[in-house]
Each structure stands twice: as structure tokens, then as C-alpha cells.
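First the structure, in the form of C-alpha cells, and then the observations on it.
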Amino acid sequence: MIEPDKLFHLAKYINTIDPEYRILRVAILAAICVLISIGIFQWLHQPTLLGWAAFAALAFSQIDTLEIPRKRILYSGSITLIFTALAWIGIYLSSYPLWFLLTIPVVVFVCGYTIAFGNRYFNAGAWAAFLYVAFGSSLGNHFFAWHVALTFLGAGILCIITSLLFFPEKPIKRLNNSCIRILESCYLNAPHTEALLTLQNTLFQTYLNTHTDELTRTAYYQFHKGLHQVYLLQKQMQSIQAQAMQHICFEETKLATVPTHTQQLIRALINILQYKPAHFQETNIFVKQYREAIKVIQIQTCQQQNPDLSAILDYSDYLYHTIQLWDLLAFLASQAKIIRQKDSV
Amino acid sequence: MNFSIDRLYLHYTLRLSITCTLAVVIYQVFQLHNGYWAAFSILGCIFPTSGQSFRRIKQRIGGTFVGMILGILVAHVAGAHWLYLDILIPLIVFLTVYLKAFNYTFYALFNTIISVALVCLIVPGNWQIALTRMEMTLLGCLLALLATYWIFPNRTSDSLPKKMQQIRQMLKHYYYNMLEHPSNIHSRISLFESLEQAKLNLQEISHEHWWRNCNLASQDFQYKKLERIYHTLFLLELELPRKINHPELQGIAEELKFLLVKIGTLFDNNDHSISKNVAQQLQLLSAQLSSLRMTAAKDPSVPLATFQEHIQLTETLKQLSILSTLLVFVDA
């Protein structure tokens, strides 16, 4: 059952589980396909086929890969043909219970084997097993078998067309958007950055090998790694800042402007990924300014009789990590430019 | 894709086939109305490992029960009006698919309502079908539970310690990889996946807890340590100095090289004397560095680059000290 804390997570569902609204799109696709299917069969006054049509639409829309059109047509087309064949065989064998029973372990074994290698939940193999069991228990003659098989064929074609028309998929755009989403999360210091990084990893596993060349793939991987490091570094800097604030006044050392500069760099990085004109600022000037500011405080401190150097040490720690973060962002900018270049070719 | 049959999946597919066939035999012999729903429950609830199966069984029963109540309500209120059903069905389908990834309970719940609504389109107002759905779900879940318990059981709690050991070895490779080829990212990707898998397995173990009293707290502790080692390595990779220019710091950098090799041996060796020795050396180097850093802090003429090298080394030593402590703790 659902625990109360999970209800809280439900509120954050979009951010952590479905930031791309992908599940939302699949759910809309399923609803549209089911509506059209049952609508058609109601109009045709075919109540016996209506349930099968809804079932077929639900199955096809859920196994849609939301890949590029060529792959989607190939995959969904093959699945449609397999399900159509299973519908005919299952219903035909339903008149011969013993034969149907004998085929069950074989079909379930094959389907179970595909489940093990595919998506863990409700992939095509699981649906095939579900449908075959349902077909075999329907008790119909071979005319009915043809009707149901054709219903499945029709529903499959309907789902492919609806899916292609309403939900065109662009893998590279998804990869870029995922990077932008994480950068925006870093920009806002949002708490769900880690969840987004995990989702990005899954996305990369799905697309990178098939949709990118060696150079772009490496750039994406480096970008992913860099984003993870930015996240960890930002977390580390928060604690360093908290510690440093015990000794130093950030306004005095001009360090208060560091987050603003960091945000500007992140924004520039986002612009590069969005193909907008972007100028990734040189950070050396700022570093020099900060260094000069600390030098003044350093000289003042050292002139004291028993100088307390903890403020200087904390300040330099913070500055060092800032430089490290900015260098990392500069590295990400170089990777983003590779991605942008290759993508525009 | 590798199509060789893993023992875990072979057991799973055999368990699934046997149980599903048994369900079909039962509904054929006893002429159970909508008996295929029992087989559906089996297909939806049997998973490669028992923890996953137990969780699914609980969620399916809970979801179907609530769905049954709501389904009866839907059958009473809208069951005789096809227009209401036409509006309701796509809406429920939307909720079924959308909330599936969040929690399977919702999937079972809304699926039950869809089944009732679809039957109502053919036989208006048929609310009894909701009860049949519940009965068949209970039958299917019972068979799934027995199968999980008796037919080639695969407990995550049995395989997790071995998996943790594998992750530790991967961490070791990652560590050496980092020292030799800092730009190699592929070892990190596979390591990340293994850690995620271990996290999932831990969640599964919590569902096996009632069946086999395993030490979940200890496994969780081990996992958290491994995760921390992973994050420490990640930060270490960022800090690790490739070249030190300042002559005063070069001695420390040289000693650090030897220390890095020694820490590498801690991944395989749980010899506490080595870790003690490493800790002492780290302390010594830190003290040395700290005094050099203090001197540098007093001197405003020290260039920024040198100051950065000081901090870089300090941070590296800090991460290494965390790493060596974690490595010993994992073994303990």
C-alpha cells in the first residue's frame, strides 16, 4: 500500500520521475487510442470486439518505444503482426483446451525470456503473454479468431499512426534537454539534481550508442560526468561557505558575487546547448579581483601581532573551489560546443 | 544483446511458465468465470527475485481491493450509460498509465476499474464482475506467492553480498583507472549502474525480510559505505594533482604517489596494519602541508598558482583519508 511519505513524492512526481513528460505523453497516447478504438466499435455496433479493441489499444500504446519514426514503425509493426498472429492462434486453440494448455508453457517461457531482457515492467513480451492467456480463454470459432486478429491489426496500425502524428520523437533533442534540465537544476540549487542525473544516465544508455558518433558520444559522457562533478562540488561549496562565514565577511572580500558569476556561466552553457548566441565569459579577471581583495585582508591580518589566519585559509579554500567549479563549467562549455557542432552538421 | 540464459532468468522463466500453466489448468478444470485474470496476476507478480515478487503481490492485492470498491461504484453510477463510460474509460486509462511508474498499486487499482467499465459496455451495470476480479486476483497472487516460495526461489539477500564484493572490485578498477587514465569514463558508467542495481536489491531485500530474517541494516550500511567511496573517488578525481610546480611541495607530491599505490592495496587487503600505516602517513603529510600553507598564508607575495597547489594537495589528502577510513570500515 502507499505510505504517507510516498504521497509527498507524488507531488514531486513530474520533477523526479517524469521531467520530460514522457510518461504523460504515453498516458495521453493510450487514452486517445482507447477512445478511438471503442468509439469505432460502438459505431460499428460490435460490442463483442469492443473490449478486445480497448485491450489492444492499451497494449500497443504502452509498448510504444517513442523512438525515431523508422525504428518505431519497424518495432511496433513487428509487434502488431506478432500480436495479430497470437490472437488468431490463441482464439483458434481455445476450442481445443488441451492443445491450448500445451502451448501455454512454451509461449510463457519465450515471453518470460524476453521480459528478462527488456524493460522490467510491461514490455512487449509481458503483453504477449497476457494477451495469449486472454485469447485462449475466450471460446470462439475460427471466424471470431479472424475478427479479433483483424481488430488487433487495426488497433496496432491506429496506434502507430497516432503515435507518429502526435508524438514525434527527437532523441538528440531529448539528450540536450536532459543536460539543460540538470544545469537549470544546478542554477537553482534544486534538491532533485541527483534524481535527474540518474534519469540522464538511463537516457544515455538508451540513445547514445545508436544515435551518435564516437566523438559526440564521448562529449556527452564527459558532459554527464562533468555535471555530476558540478553537483558534488556545489554541495561541497555550501559547507565550505558555511564554515568560512564564521570567520569572514563575504561582502568585504567581494565573494558574495561568486554565485552570480556562477549562474551567469551556467546560463551561458544553457544557451550553447539551446543553439542561442552565447558568450562564455573568461573568469580570470574575476579571480584576479577576488585575489586582490583577499590580499588586502591578508596584509591587514599579517600586520597584527598574533594573526588569526583561519579567515585567510577559509577564504582561499572557497576561492579555490570556485575556480575549480568555473574550470569545470568551462570544460563543459567546450564539450557543449562539440555537441552543438556535430548536431548542426 | 547477449541472449545467453542467465541462471536467475532461467529459473524465473521456468517458475513463470509452470505457475501460469497451473493457473490455466485450474480455471479450465473448475470452469472459473474470467479465470484468465488469475493468470494475469501471476504474470504481473512473478519476478526474477522474490523481493520484487512479494512487493508486487502486496501492491496488486491492495490496488485491486480499492479498485473493486471503486469499480462497483462506477458500475452503479455510470455502468448503464455508455456515454459516461466512453468519457470515463479514456480518463481511467490515462491515470493507469501515468501513475504506473510511480506505484504499481495505482496500476492495479485503475486496471480493475477499466475491466469493470469495459464489461459494463457489453453487459450494462454488471457490478458483480468487480468481485470476480478480486477473487481471481487473490487466486493468482496466492499461486504467485507459493511459486516464489517453492519453485526455484531466488532471494536477493543471498546474492547481495557477492554483488557488493563485485562493486568493491569495480571501485578498485575505477581507482586505478583514475590514477592511470583520468579521462576514461566507461568504468564510471558501469560502476554507477552496479550501484543503482545494488540500491534496488536493497529495496527488494526489505520485502523479503518477513520470509528470511536477513541483516538488512548491515547490508544497507555496506551499500552506503560503497556509495560514499564512489563519491569520494569522484571528488578525488577532481582534486588529484597531475603536476606540482612549487619546489617545496614536490616532496609531498612524491610521497603522495607512493601513498596512492598503498591505498590501492586496501581495496583487496583488509590488513589493519596497512591502513594504520596509511593513516599515520596521511596525518604526517597533512601536518607538513598545513605548516607550509600557514607560512604561505603569512606571505602575500606567494603567487595564486602556488596557493592553489597547496589547497589541491590538502583536499587530496583529505579525500584520501576519508577513502582509507571507508575502505577499512567496509571490511569491518
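In the C-alpha cells, chains take the letters A, B, ... in the order shown, each chain's residues start at 1, and ligands count up from 1 in the order shown.
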
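Within 7 Å of chain A, chain B contributes the residues Tyr9, Thr13, Leu14, Ser17, Ile18, Thr21, Val24, Tyr36, Phe40, Gln59, Gly62, Pro90, Leu91, Val93, Phe94, Val97, Tyr98, Thr105, Leu118, Ile122, Ile185, Ala297, Lys298, Pro300, Gln308 and Ile311 of chain B, using only C-alpha atoms.
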
Show which residues sit within 10 Å of Tyr27 of chain B, as an MDAnalysis selection string. Count only C-alpha atoms, and ignore same-chain residues fewer than 2 positions away.
(chainID A and resid 137) or (chainID B and resid 22:25 29:39 136)

Neighbouring residues of Tyr207 of chain A were defined as those with any atom within 7 Å, considering only C-alpha atoms; residues of the same chain fewer than 4 positions away were excluded. Please report them as number ranges by chain.
A: 171, 203, 211

So that I have them on file, write out the residues from the current selection with C-alpha atoms, as a CSV table (one decimal), in the first residue's frame.
chain,number,residue,atom,x,y,z
A,171,PRO,CA,16.5,11.6,-29.5
A,203,LEU,CA,18.6,8.2,-21.3
A,211,HIS,CA,22.2,7.9,-32.4

Expressed in Å, the length from atom CA of Tyr107 of chain B to atom CA of Ile87 of chain B is 19.0 Å

Residues within 9 Å of segment 49-53 of chain B, please, as a list in words. Count only C-alpha atoms; anything in the same chain fewer than 4 positions from it doesn't count.
Leu8, Tyr12, Gly44, Cys45, Ile57, Lys58, Ala144, Leu145, Thr148, Tyr149, Pro153, Asn154, Arg155, Thr156, Ser157, Asn201, Gln203, Glu204, Ile205, Ser206, His207, Glu208 and His209 of chain B

Any chance you can output those residues with N, CA and C atoms as a PDB file, in the first residue's frame?
ATOM      1  N   LEU B   8      19.555 -16.992 -13.164  1.00  0.00           N
ATOM      2  CA  LEU B   8      18.485 -16.267 -12.482  1.00  0.00           C
ATOM      3  C   LEU B   8      17.250 -16.163 -13.383  1.00  0.00           C
ATOM      4  N   TYR B  12      13.550 -17.935 -13.379  1.00  0.00           N
ATOM      5  CA  TYR B  12      12.377 -17.052 -13.423  1.00  0.00           C
ATOM      6  C   TYR B  12      11.396 -17.504 -14.498  1.00  0.00           C
ATOM      7  N   GLY B  44       1.895 -10.742 -13.750  1.00  0.00           N
ATOM      8  CA  GLY B  44       2.250  -9.421 -13.226  1.00  0.00           C
ATOM      9  C   GLY B  44       3.012  -9.466 -11.910  1.00  0.00           C
ATOM     10  N   CYS B  45       2.915 -10.599 -11.215  1.00  0.00           N
ATOM     11  CA  CYS B  45       3.505 -10.630  -9.861  1.00  0.00           C
ATOM     12  C   CYS B  45       4.771 -11.473  -9.726  1.00  0.00           C
ATOM     13  N   ILE B  57       2.996  -8.544  -5.236  1.00  0.00           N
ATOM     14  CA  ILE B  57       1.802  -9.258  -4.747  1.00  0.00           C
ATOM     15  C   ILE B  57       1.030  -8.340  -3.800  1.00  0.00           C
ATOM     16  N   LYS B  58       1.768  -7.710  -2.876  1.00  0.00           N
ATOM     17  CA  LYS B  58       1.121  -6.790  -1.917  1.00  0.00           C
ATOM     18  C   LYS B  58       0.421  -5.662  -2.663  1.00  0.00           C
ATOM     19  N   ALA B 144       1.136 -17.187  -7.142  1.00  0.00           N
ATOM     20  CA  ALA B 144       2.427 -16.496  -7.341  1.00  0.00           C
ATOM     21  C   ALA B 144       3.274 -16.556  -6.072  1.00  0.00           C
ATOM     22  N   LEU B 145       2.600 -16.398  -4.938  1.00  0.00           N
ATOM     23  CA  LEU B 145       3.303 -16.433  -3.651  1.00  0.00           C
ATOM     24  C   LEU B 145       3.913 -17.811  -3.402  1.00  0.00           C
ATOM     25  N   THR B 148       6.810 -18.395  -5.755  1.00  0.00           N
ATOM     26  CA  THR B 148       8.002 -17.636  -5.345  1.00  0.00           C
ATOM     27  C   THR B 148       8.711 -18.359  -4.202  1.00  0.00           C
ATOM     28  N   TYR B 149       7.892 -18.978  -3.363  1.00  0.00           N
ATOM     29  CA  TYR B 149       8.423 -19.653  -2.180  1.00  0.00           C
ATOM     30  C   TYR B 149       9.032 -21.022  -2.531  1.00  0.00           C
ATOM     31  N   PRO B 153      13.406 -20.831  -5.872  1.00  0.00           N
ATOM     32  CA  PRO B 153      13.417 -19.499  -5.241  1.00  0.00           C
ATOM     33  C   PRO B 153      14.762 -18.774  -5.436  1.00  0.00           C
ATOM     34  N   ASN B 154      14.661 -17.497  -5.733  1.00  0.00           N
ATOM     35  CA  ASN B 154      15.863 -16.660  -5.879  1.00  0.00           C
ATOM     36  C   ASN B 154      15.763 -15.492  -4.920  1.00  0.00           C
ATOM     37  N   ARG B 155      16.514 -15.575  -3.854  1.00  0.00           N
ATOM     38  CA  ARG B 155      16.443 -14.487  -2.869  1.00  0.00           C
ATOM     39  C   ARG B 155      17.561 -13.482  -3.127  1.00  0.00           C
ATOM     40  N   THR B 156      17.202 -12.229  -3.121  1.00  0.00           N
ATOM     41  CA  THR B 156      18.205 -11.181  -3.342  1.00  0.00           C
ATOM     42  C   THR B 156      19.199 -11.173  -2.192  1.00  0.00           C
ATOM     43  N   SER B 157      18.693 -11.498  -0.998  1.00  0.00           N
ATOM     44  CA  SER B 157      19.564 -11.464   0.178  1.00  0.00           C
ATOM     45  C   SER B 157      20.724 -12.459   0.063  1.00  0.00           C
ATOM     46  N   ASN B 201      18.332  -3.751  -5.213  1.00  0.00           N
ATOM     47  CA  ASN B 201      18.343  -5.033  -4.499  1.00  0.00           C
ATOM     48  C   ASN B 201      18.081  -4.850  -3.014  1.00  0.00           C
ATOM     49  N   GLN B 203      16.247  -2.549  -1.716  1.00  0.00           N
ATOM     50  CA  GLN B 203      14.808  -2.324  -1.575  1.00  0.00           C
ATOM     51  C   GLN B 203      14.061  -3.651  -1.633  1.00  0.00           C
ATOM     52  N   GLU B 204      14.554  -4.543  -2.508  1.00  0.00           N
ATOM     53  CA  GLU B 204      13.913  -5.856  -2.625  1.00  0.00           C
ATOM     54  C   GLU B 204      14.066  -6.662  -1.348  1.00  0.00           C
ATOM     55  N   ILE B 205      15.259  -6.567  -0.753  1.00  0.00           N
ATOM     56  CA  ILE B 205      15.509  -7.332   0.471  1.00  0.00           C
ATOM     57  C   ILE B 205      14.522  -6.935   1.558  1.00  0.00           C
ATOM     58  N   SER B 206      14.177  -5.641   1.591  1.00  0.00           N
ATOM     59  CA  SER B 206      13.248  -5.205   2.635  1.00  0.00           C
ATOM     60  C   SER B 206      11.902  -5.915   2.504  1.00  0.00           C
ATOM     61  N   HIS B 207      11.579  -6.358   1.280  1.00  0.00           N
ATOM     62  CA  HIS B 207      10.325  -7.104   1.100  1.00  0.00           C
ATOM     63  C   HIS B 207      10.484  -8.591   1.409  1.00  0.00           C
ATOM     64  N   GLU B 208      11.726  -9.043   1.451  1.00  0.00           N
ATOM     65  CA  GLU B 208      11.971 -10.456   1.768  1.00  0.00           C
ATOM     66  C   GLU B 208      12.105 -10.661   3.269  1.00  0.00           C
ATOM     67  N   HIS B 209      12.179  -9.554   3.974  1.00  0.00           N
ATOM     68  CA  HIS B 209      12.519  -9.571   5.386  1.00  0.00           C
ATOM     69  C   HIS B 209      11.628 -10.506   6.203  1.00  0.00           C
TER      70      HIS B 209
END

Helix (DSSP H, G or I) positions in segment 65-295 of chain A, given as a ChimeraX atom specification
/A:69-93,97-117,124-136,142-166,171-187,193-211,214-244,255-273,284-295

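Neighbouring residues of Tyr176 of chain B at 8 Å or closer, counting only C-alpha atoms and skipping chain neighbours under 4 positions away, are B:Lys172, B:Glu180, B:Gly264.
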
Separation of atom CA of Met68 of chain B from atom CA of Leu139 of chain B in Å:
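Separation of atom CA of Leu139 of chain B and atom CA of Met68 of chain B: 15.1 Å.
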
Long-range neighbours of Asn284 of chain A as a list in words, 12 Å cut-off, only C-alpha atoms, 5 positions minimum in chain:
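Listed by chain and then number, they are His261, Gln289, Tyr290, Arg291, Thr322, Ile323, Trp326, Asp327 and Ala330 of chain A; Leu304 of chain B.
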
Go ahead and save the picked residues with C-alpha atoms, as an mmCIF file, in the first residue's frame.
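Dumped to out.cif:
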data_model
loop_
_atom_site.group_PDB
_atom_site.id
_atom_site.type_symbol
_atom_site.label_atom_id
_atom_site.label_comp_id
_atom_site.auth_asym_id
_atom_site.auth_seq_id
_atom_site.Cartn_x
_atom_site.Cartn_y
_atom_site.Cartn_z
ATOM 1 C CA HIS A 261 29.017 34.745 -11.767
ATOM 2 C CA GLN A 289 39.799 40.728 -8.450
ATOM 3 C CA TYR A 290 38.996 38.276 -5.664
ATOM 4 C CA ARG A 291 42.654 37.533 -5.191
ATOM 5 C CA THR A 322 35.142 28.433 -7.027
ATOM 6 C CA ILE A 323 37.960 28.344 -9.563
ATOM 7 C CA TRP A 326 34.377 27.581 -13.073
ATOM 8 C CA ASP A 327 37.061 25.486 -14.765
ATOM 9 C CA ALA A 330 34.488 25.941 -18.961
ATOM 10 C CA LEU B 304 47.975 32.345 -6.696
#

For Leu269 of chain A, which residue out of A:Leu66, A:Leu74, A:Ala333, A:Ile91 is the nearest one, using only C-alpha atoms?
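That would be A:Ala333, the residue with the smallest distance to Leu269 of chain A.
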
Test item: residues at most 6 Å from segment 245-253 of chain A, only C-alpha atoms, excluding those fewer than 4 positions along its chain, as a VMD selection string:
chain A and resid 241 293 311

Rank B:Leu259, B:Ala198, B:Leu85, B:Leu249 by their smallest atom-to-atom distance to Glu309 of chain B, using only C-alpha atoms, and report the top residue only.
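Of the candidates, the smallest distance to Glu309 of chain B is held by B:Leu249.
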